[in-house]
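*Asks:* Sharing model-v6.pdb (PDB, C-alpha atoms, pLDDT in the B column) below.
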ATOM      1  CA  ALA A   1      -7.109  -8.103 -17.132  1.00 77.00           C
ATOM      2  CA  PHE A   2     -10.171  -8.111 -14.840  1.00 91.00           C
ATOM      3  CA  SER A   3     -10.302 -11.774 -13.906  1.00 92.00           C
ATOM      4  CA  GLY A   4     -11.661 -12.323 -10.410  1.00 92.00           C
ATOM      5  CA  CYS A   5     -13.042  -8.780  -9.929  1.00 92.00           C
ATOM      6  CA  GLU A   6     -15.934  -9.910  -7.770  1.00 88.00           C
ATOM      7  CA  SER A   7     -17.461  -6.435  -7.343  1.00 91.00           C
ATOM      8  CA  LEU A   8     -17.608  -5.705 -11.107  1.00 92.00           C
ATOM      9  CA  THR A   9     -21.285  -5.599 -12.141  1.00 94.00           C
ATOM     10  CA  CYS A  10     -21.293  -3.951 -15.572  1.00 93.00           C
ATOM     11  CA  ILE A  11     -18.852  -3.858 -18.490  1.00 93.00           C
ATOM     12  CA  ASN A  12     -19.057  -1.353 -21.321  1.00 94.00           C
ATOM     13  CA  ILE A  13     -16.268  -2.316 -23.710  1.00 94.00           C
ATOM     14  CA  PRO A  14     -15.126   0.611 -25.897  1.00 95.00           C
ATOM     15  CA  ASN A  15     -15.229   0.546 -29.706  1.00 96.00           C
ATOM     16  CA  SER A  16     -11.426   0.544 -29.861  1.00 97.00           C
ATOM     17  CA  VAL A  17     -11.341  -3.080 -28.608  1.00 96.00           C
ATOM     18  CA  THR A  18     -11.133  -5.761 -31.304  1.00 97.00           C
ATOM     19  CA  THR A  19     -10.412  -8.867 -29.206  1.00 97.00           C
ATOM     20  CA  ILE A  20     -11.501  -9.940 -25.735  1.00 97.00           C
ATOM     21  CA  GLY A  21      -8.567 -12.010 -24.552  1.00 96.00           C
ATOM     22  CA  ASN A  22      -8.352 -15.304 -22.713  1.00 97.00           C
ATOM     23  CA  SER A  23      -9.818 -15.140 -19.179  1.00 96.00           C
ATOM     24  CA  ALA A  24     -10.225 -11.339 -19.462  1.00 96.00           C
ATOM     25  CA  PHE A  25     -13.327 -11.231 -17.244  1.00 95.00           C
ATOM     26  CA  SER A  26     -13.439 -14.763 -15.873  1.00 95.00           C
ATOM     27  CA  SER A  27     -14.800 -15.301 -12.366  1.00 95.00           C
ATOM     28  CA  CYS A  28     -16.388 -11.850 -12.150  1.00 94.00           C
ATOM     29  CA  ASN A  29     -19.157 -13.337 -10.024  1.00 92.00           C
ATOM     30  CA  SER A  30     -21.284 -10.174  -9.740  1.00 94.00           C
ATOM     31  CA  LEU A  31     -21.198  -9.329 -13.447  1.00 93.00           C
ATOM     32  CA  ILE A  32     -24.753  -8.938 -14.751  1.00 92.00           C
ATOM     33  CA  SER A  33     -24.320  -6.825 -17.889  1.00 90.00           C
ATOM     34  CA  ILE A  34     -21.873  -6.828 -20.810  1.00 93.00           C
ATOM     35  CA  ASN A  35     -21.920  -4.422 -23.736  1.00 93.00           C
ATOM     36  CA  ILE A  36     -19.716  -5.863 -26.476  1.00 95.00           C
ATOM     37  CA  PRO A  37     -19.281  -3.458 -29.418  1.00 96.00           C
ATOM     38  CA  ASN A  38     -19.361  -4.441 -33.094  1.00 95.00           C
ATOM     39  CA  SER A  39     -15.608  -3.760 -33.281  1.00 97.00           C
ATOM     40  CA  VAL A  40     -14.906  -7.028 -31.424  1.00 97.00           C
ATOM     41  CA  THR A  41     -14.062  -9.880 -33.798  1.00 97.00           C
ATOM     42  CA  ALA A  42     -12.919 -12.567 -31.332  1.00 98.00           C
ATOM     43  CA  ILE A  43     -13.826 -13.689 -27.824  1.00 97.00           C
ATOM     44  CA  GLY A  44     -10.998 -15.659 -26.227  1.00 97.00           C
ATOM     45  CA  ASN A  45     -10.911 -18.845 -24.191  1.00 97.00           C
ATOM     46  CA  TYR A  46     -12.698 -18.508 -20.838  1.00 96.00           C
ATOM     47  CA  ALA A  47     -13.141 -14.752 -21.464  1.00 96.00           C
ATOM     48  CA  PHE A  48     -16.325 -14.698 -19.350  1.00 95.00           C
ATOM     49  CA  GLY A  49     -16.016 -18.125 -17.746  1.00 94.00           C
ATOM     50  CA  CYS A  50     -17.692 -18.548 -14.356  1.00 93.00           C
ATOM     51  CA  CYS A  51     -19.496 -15.208 -14.442  1.00 93.00           C
ATOM     52  CA  TYR A  52     -22.330 -16.690 -12.424  1.00 90.00           C
ATOM     53  CA  SER A  53     -24.678 -13.681 -12.482  1.00 92.00           C
ATOM     54  CA  LEU A  54     -24.884 -13.216 -16.269  1.00 91.00           C
ATOM     55  CA  THR A  55     -28.380 -13.976 -17.547  1.00 87.00           C
ATOM     56  CA  ASN A  56     -28.095 -13.084 -21.235  1.00 86.00           C
ATOM     57  CA  ILE A  57     -25.438 -12.496 -23.857  1.00 88.00           C
ATOM     58  CA  LYS A  58     -25.779 -10.799 -27.211  1.00 90.00           C
ATOM     59  CA  ILE A  59     -22.708 -11.461 -29.298  1.00 93.00           C
ATOM     60  CA  PRO A  60     -22.463  -8.629 -31.817  1.00 93.00           C
ATOM     61  CA  ASN A  61     -22.178  -8.861 -35.580  1.00 93.00           C
ATOM     62  CA  GLY A  62     -18.519  -8.850 -36.450  1.00 93.00           C
ATOM     63  CA  VAL A  63     -17.475 -11.547 -33.995  1.00 96.00           C
ATOM     64  CA  THR A  64     -16.098 -14.422 -36.053  1.00 96.00           C
ATOM     65  CA  THR A  65     -14.556 -16.608 -33.331  1.00 96.00           C
ATOM     66  CA  ILE A  66     -15.751 -17.737 -29.904  1.00 96.00           C
ATOM     67  CA  GLY A  67     -13.084 -19.478 -27.853  1.00 96.00           C
ATOM     68  CA  ASN A  68     -13.217 -22.620 -25.759  1.00 95.00           C
ATOM     69  CA  GLY A  69     -15.056 -22.099 -22.475  1.00 94.00           C
ATOM     70  CA  ALA A  70     -15.756 -18.433 -23.337  1.00 95.00           C
ATOM     71  CA  PHE A  71     -18.980 -18.495 -21.288  1.00 93.00           C
ATOM     72  CA  SER A  72     -18.525 -21.795 -19.450  1.00 93.00           C
ATOM     73  CA  GLY A  73     -19.925 -22.040 -15.969  1.00 91.00           C
ATOM     74  CA  CYS A  74     -22.281 -19.073 -16.446  1.00 91.00           C
ATOM     75  CA  GLU A  75     -25.007 -21.003 -14.706  1.00 87.00           C
ATOM     76  CA  SER A  76     -27.595 -18.170 -14.686  1.00 89.00           C
ATOM     77  CA  LEU A  77     -27.352 -17.709 -18.452  1.00 85.00           C
ATOM     78  CA  THR A  78     -30.742 -18.199 -20.103  1.00 81.00           C
ATOM     79  CA  SER A  79     -30.318 -16.428 -23.450  1.00 82.00           C
ATOM     80  CA  ILE A  80     -27.486 -16.330 -25.986  1.00 85.00           C
ATOM     81  CA  THR A  81     -27.658 -14.574 -29.342  1.00 86.00           C
ATOM     82  CA  ILE A  82     -25.074 -15.750 -31.866  1.00 89.00           C
ATOM     83  CA  PRO A  83     -24.860 -13.748 -35.110  1.00 91.00           C
ATOM     84  CA  SER A  84     -24.243 -15.267 -38.522  1.00 91.00           C
ATOM     85  CA  SER A  85     -20.779 -13.639 -38.555  1.00 93.00           C
ATOM     86  CA  VAL A  86     -19.533 -16.386 -36.201  1.00 94.00           C
ATOM     87  CA  VAL A  87     -17.683 -18.935 -38.317  1.00 93.00           C
ATOM     88  CA  THR A  88     -15.561 -20.628 -35.636  1.00 93.00           C
ATOM     89  CA  ILE A  89     -16.652 -21.993 -32.264  1.00 92.00           C
ATOM     90  CA  ILE A  90     -13.739 -23.630 -30.477  1.00 92.00           C
ATOM     91  CA  GLY A  91     -14.335 -26.479 -28.044  1.00 90.00           C
ATOM     92  CA  ASN A  92     -17.336 -25.943 -25.805  1.00 89.00           C
ATOM     93  CA  PRO A  93     -17.758 -22.227 -25.082  1.00 91.00           C
ATOM     94  CA  PHE A  94     -21.103 -22.691 -23.301  1.00 87.00           C
ATOM     95  CA  TYR A  95     -20.210 -25.645 -21.072  1.00 88.00           C
ATOM     96  CA  LEU A  96     -22.408 -25.823 -17.932  1.00 84.00           C
ATOM     97  CA  CYS A  97     -24.454 -22.766 -18.795  1.00 75.00           C
ATOM     98  CA  ILE A  98     -27.337 -23.439 -21.186  1.00 59.00           C
ATOM     99  CA  TYR A  99     -28.651 -26.808 -20.084  1.00 50.00           C
ATOM    100  CA  ASN A 100     -32.466 -26.756 -20.291  1.00 44.00           C
ATOM    101  CA  HIS A 101     -32.436 -23.240 -21.728  1.00 43.00           C
ATOM    102  CA  ARG A 102     -33.143 -22.029 -25.223  1.00 48.00           C
ATOM    103  CA  THR A 103     -30.708 -19.958 -27.216  1.00 46.00           C
ATOM    104  CA  THR A 104     -31.565 -17.382 -29.840  1.00 47.00           C
ATOM    105  CA  LYS A 105     -29.325 -17.909 -32.783  1.00 48.00           C
ATOM    106  CA  THR A 106     -29.266 -16.455 -36.226  1.00 49.00           C
ATOM    107  CA  ASN A 107     -26.419 -18.734 -37.226  1.00 45.00           C
ATOM    108  CA  GLN A 108     -27.671 -21.990 -38.706  1.00 51.00           C
ATOM    109  CA  LYS A 109     -24.091 -23.324 -38.928  1.00 51.00           C
ATOM    110  CA  TYR A 110     -24.246 -24.423 -35.271  1.00 50.00           C
ATOM    111  CA  PRO A 111     -27.604 -26.175 -34.734  1.00 48.00           C
ATOM    112  CA  SER A 112     -26.278 -28.074 -31.716  1.00 48.00           C
ATOM    113  CA  VAL A 113     -25.938 -24.811 -29.755  1.00 52.00           C
ATOM    114  CA  ASN A 114     -29.730 -24.641 -29.474  1.00 41.00           C
ATOM    115  CA  LEU A 115     -30.231 -27.148 -26.649  1.00 36.00           C
TER     116      LEU A 115
END
Rewrite the structure from the file as structure tokens, please.

*Replies:*
Amino acid sequence: AFSGCESLTCINIPNSVTTIGNSAFSSCNSLISINIPNSVTAIGNYAFGCCYSLTNIKIPNGVTTIGNGAFSGCESLTSITIPSSVVTIIGNPFYLCIYNHRTTKTNQKYPSVNL
């Protein structure tokens, strides 16, 4: 939907959204802020892939699935909060984005996320 919108800096997703689809905001290079509401239950493959300016992500309670590459290539990302509602992480959603950084996670099901 917004893939490649290089001038997009902030996203405020409305409460009516339940799924962020595959590649929805990928390659939005200037994106620095995302507000994901509790109504979202799934984040698709590469939904925010290669959003180079993102520094932190707070995945809301209610999200149960994070898709492959959802935040891959977000090389400025230093903080990720994953709630205990997440029961499925597909593939490697954080590829090339949290090396040498610490994640905040409340979900003990995925100890390998905390690198």

*Asks:* Determine the axis-aligned bounding box of all atoms of range 69-82 of chain A present in the file, pad each side by 3 Å, and express its centre and edge lengths in Å to one decimal place as AutoDock Vina command-line options.

*Replies:*
--center_x -22.9 --center_y -18.3 --center_z -23.3 --size_x 21.7 --size_y 13.5 --size_z 23.2

*Asks:* What lies within 7 Å of Cys50 in chain A using only C-alpha atoms, ignoring chain neighbours under 3 positions off, as a PyMOL selection string?

*Replies:* chain A and resi 26-27+29+72-74

*Asks:* Once the PyMOL selection byres ((chain A and resi 61) around 10) has been evaluated on this model, what residues remain selected, and can you format them as an NGL selection string?

*Replies:* :A and (36-41 or 58-60 or 62-64 or 82-86)

*Asks:* Please indicate the distance in Å from CA of Tyr46 in chain A to CA of Pro14 in chain A, rounded to one decimal place.

*Replies:*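 Separation of CA of Tyr46 in chain A and CA of Pro14 in chain A: 19.9 Å.
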
*Asks:* Could you check which residues have any atom within 9 Å of (-11.0, -13.3, -23.8), counting all atoms listed in the file with coordinates taken straight from the file, and then list them as a list in words?

*Replies:*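 Counting all atoms listed in the file, I find these residues within 9 Å of (-11.0, -13.3, -23.8): Thr19, Ile20, Gly21, Asn22, Ser23, Ala24, Phe25, Ser26, Ala42, Ile43, Gly44, Asn45, Tyr46, Ala47, Phe48, Ile66, Gly67 and Ala70 of chain A.
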
*Asks:* When the PyMOL selection byres ((chain A and resi 75) around 12) is applied to the structure above, which residues does it catch, written out as a ChimeraX atom specification?

*Replies:* /A:27,29,48-56,71-74,76-79,94-101

*Asks:* Kindly indicate which residue among A:Thr18, A:Thr81, A:Ser7, A:Thr88 lies nearest to Thr65 in chain A, using all atoms listed in the file for the distances.

*Replies:*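 Smallest distance to Thr65 in chain A is found for A:Thr88.
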